[in-house]
Structure formats: structure tokens, C-alpha cells
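First up is the structure itself, then whatever we jot down about it.
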Amino acid sequence: MAENVKPRVRVPREVAAGETITIKTLISHKMESGQRKDGDGNVIPRSIINRFTCTFNGETVIDVQMEPAISTNPFFEFDAVVPESGAFEFTWYDDDGDVYTETKEIAVS
Amino acid sequence: MKLTRRHTLMLAAGSAVAALLPMRAAAAAEEAIAAFTGGADVGSEGITLTAPEIAENGNTVPISVSAPGAEAIIIIAAGNPEPGVATFNFGPLAAAQAGSTRIRLAGTQDVVAIARMPDGSFVQASREVKVTIGGCGG
């Protein structure tokens, strides 16, 4: 497992029904591209997060397929509609098979 | 240093390889685009790609893309060793078919975004980003 992987997500706690919110996500990950070489000239093997998804109560908001050209500590910002109270689930899929998740509850006022 | 026949040949071979490299990268980018569009015609209306004109550090270049109504948007950096950057697929709860992220660019190049619309058509936008320090290590 890649070490020190920590997801951070910003979602408002409360929102009016049907309103649009902006979500920002960041996850700490070195995103080794597989292009770099170490001091001895050996290629450092690729190790990245290759997919990120966001769902709300099971319905997809966004699903991003990622390549090595995404920067270290991948950041995404996007807009979502909130039809009802529920939970946003964020999932990151690592090359090494690990899955990192984060959940954020949101209430409709 | 005396310029011998061998040196001249090596120089010629070297410059030929140098000339081929960007062509090979461009071919890979075209392949990536063809894989996404299936060879369909690509329009240019209805998609916005925002990227800085000059990026001092190619390791983290902020970009954002927006294509109202799109199903999916692919981002391609033709000058990178691997042209693919990311593919955004939008679900029913996406309020806007738009997203922002940070990408790596190996050098000054055109960044291309192509959106697939629900009717099967494609639109494209591209922006040149000048990179001072490339972002691929090495």
C-alpha cells in the first residue's frame, strides 16, 4: 500500500434541495509517472491512482479515468446537484489495487 | 576534434532521431484522439478549455474544461511521452459538464480537450501552454 495517502474533500453541510454545489477533492499521492529515473539510471516503476469517482446516494456525479500526466496529489473540482439529503461517496483506485474512500453527509434544508 | 566520416554519420543519425521523436509523439496523440472519437468529424463550438499561457513549472499546471451537455471529455497533451491525461465521464447528478484538475506537461505544447456529446458528435478545443521547466523528471 502506498504510504501517507490521505483524501481531503470539501462539501457544504447544508444546501437547499436541487441546488448546485461545487466540490473540491484532493488526495495525497506521489503519482509516480513511470518516466522518471533514480540516481543509478533505473526507471522508477509507475504507481498512480488511475480512477476517481464521486457518487451521491449511489448515482454517479463524475467518473474520471486518470493517466500518469495527472500531477502529484491529484486535485479535482466539479459541480454536483443535490436533489435530497444523503451522502457523497468519493473513491480513488490505486494501481496497486488499493481503494481509498471518503464519505460526506449533506442535509437538505 | 576532427570531423571524421564516422562522426558525421553519427551526427546525421542523431538529428534524424531527434526529428522523428516529436512526430512519434504526435502520432500517439492522434491515435489517442482516434480511439476516443472513432475517427468521426470534430467540431469546435461549445467547449471551453482554460489553461495558463505560461506555466513556470510543468509539474503542476492548472487546467479546467467545460462542455455544457457533454457525456465525456478527454484531455490530451500531445507533447508528453504518453499523450493521455484524463477522461471525465459525467453522471446524471453532475450539475455542469465541467471539471478542473492539475496536470503535468513535459514542455511547451498544445493541450487538447475533446468532448463527446449525447448525439454522438464531438467538439474540440486546444490551447498552447508555454512551459519553462518540464514536468516529467528524467
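Letters A, B, ... mark the chains of the C-alpha cells in the order given; residue numbers begin at 1 per chain; ligand numbers begin at 1, in order shown.
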
Next on the checklist: Quick check: residues of chain B within 6 Å of chain A, only C-alpha atoms, returned as a ChimeraX atom specification.
Outcome noted: /B:60,85-91,93-96,99-104,137-138

Next on the checklist: Set the distance at 6 Å and use only C-alpha atoms: which residues neighbour Ile106 of chain A once local chain neighbours fewer than 6 positions away are removed? I'd like the list as a PyMOL selection string.
Outcome noted: chain A and resi 13-14+85-87

Using N, CA and C atoms, can you export the residues from the last selection as an mmCIF file, in the first residue's frame?
data_model
loop_
_atom_site.group_PDB
_atom_site.id
_atom_site.type_symbol
_atom_site.label_atom_id
_atom_site.label_comp_id
_atom_site.auth_asym_id
_atom_site.auth_seq_id
_atom_site.Cartn_x
_atom_site.Cartn_y
_atom_site.Cartn_z
ATOM 1 N N ARG A 13 -22.203 21.531 4.368
ATOM 2 C CA ARG A 13 -23.003 20.641 5.221
ATOM 3 C C ARG A 13 -24.481 20.706 4.875
ATOM 4 N N GLU A 14 -24.906 21.898 4.493
ATOM 5 C CA GLU A 14 -26.342 22.106 4.251
ATOM 6 C C GLU A 14 -26.536 22.783 2.910
ATOM 7 N N SER A 85 -31.425 14.839 0.850
ATOM 8 C CA SER A 85 -30.382 14.589 1.843
ATOM 9 C C SER A 85 -29.728 13.246 1.554
ATOM 10 N N GLY A 86 -28.474 13.149 1.882
ATOM 11 C CA GLY A 86 -27.799 11.884 1.631
ATOM 12 C C GLY A 86 -26.312 12.013 1.819
ATOM 13 N N ALA A 87 -25.580 11.152 1.139
ATOM 14 C CA ALA A 87 -24.138 11.137 1.333
ATOM 15 C C ALA A 87 -23.417 11.064 -0.006
#

Next on the checklist: Give me, as JSON, numbers by chain, the residues of chain B that a backbone DSSP run labels strand (DSSP E or B).
Outcome noted: {"B": [42, 43, 48, 49, 50, 54, 55, 56, 57, 61, 62, 63, 64, 65, 66, 72, 73, 74, 75, 76, 77, 84, 85, 86, 87, 88, 89, 90, 94, 98, 99, 100, 101, 102, 103, 109, 110, 111, 112, 113, 114, 115, 116, 122, 123, 124, 125, 126, 127, 128, 129, 130, 131, 132, 133]}

Hey, what's within 8 Å of Pro68 of chain B if we count only C-alpha atoms and toss same-chain stuff fewer than 3 positions away? As a PDB file with N, CA and C atoms, in the first residue's frame, please?
ATOM      1  N   GLY B  46     -18.863  25.089 -28.462  1.00  0.00           N
ATOM      2  CA  GLY B  46     -19.484  24.524 -27.276  1.00  0.00           C
ATOM      3  C   GLY B  46     -18.539  23.834 -26.321  1.00  0.00           C
ATOM      4  N   ILE B  47     -17.269  24.125 -26.400  1.00  0.00           N
ATOM      5  CA  ILE B  47     -16.327  23.580 -25.413  1.00  0.00           C
ATOM      6  C   ILE B  47     -15.313  24.667 -25.083  1.00  0.00           C
ATOM      7  N   ALA B  96     -22.804  20.573 -13.842  1.00  0.00           N
ATOM      8  CA  ALA B  96     -22.229  21.163 -15.040  1.00  0.00           C
ATOM      9  C   ALA B  96     -21.242  20.162 -15.598  1.00  0.00           C
ATOM     10  N   GLN B  97     -21.187  20.088 -16.918  1.00  0.00           N
ATOM     11  CA  GLN B  97     -20.237  19.150 -17.511  1.00  0.00           C
ATOM     12  C   GLN B  97     -18.884  19.856 -17.577  1.00  0.00           C
ATOM     13  N   ALA B  98     -18.291  20.012 -16.399  1.00  0.00           N
ATOM     14  CA  ALA B  98     -17.058  20.779 -16.298  1.00  0.00           C
ATOM     15  C   ALA B  98     -16.222  20.214 -15.163  1.00  0.00           C
TER      16      ALA B  98
END

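The shortest atom-to-atom distance to Asn57 of chain A, with only C-alpha atoms taken into account, belongs to B:Pro92 out of B:Ala32, B:Gly39, B:Glu53, B:Pro92.
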
Next on the checklist: Between atom CA of Ala115 of chain B and atom CA of Glu128 of chain B, what is the distance in Å, rounded to a tenth?
Outcome noted: 18.1 Å

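One distance worth recording is that between atom CA of Ile133 of chain B and atom CA of Gln109 of chain B, which is 12.5 Å.
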
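Atom CA of Gly58 of chain B is positioned 28.6 Å from atom CA of Gly43 of chain B.
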
Checklist entry - Among chain B, which residues carry a DSSP assignment of alpha helix (DSSP H), reported as a ChimeraX atom specification? => result /B:5-37
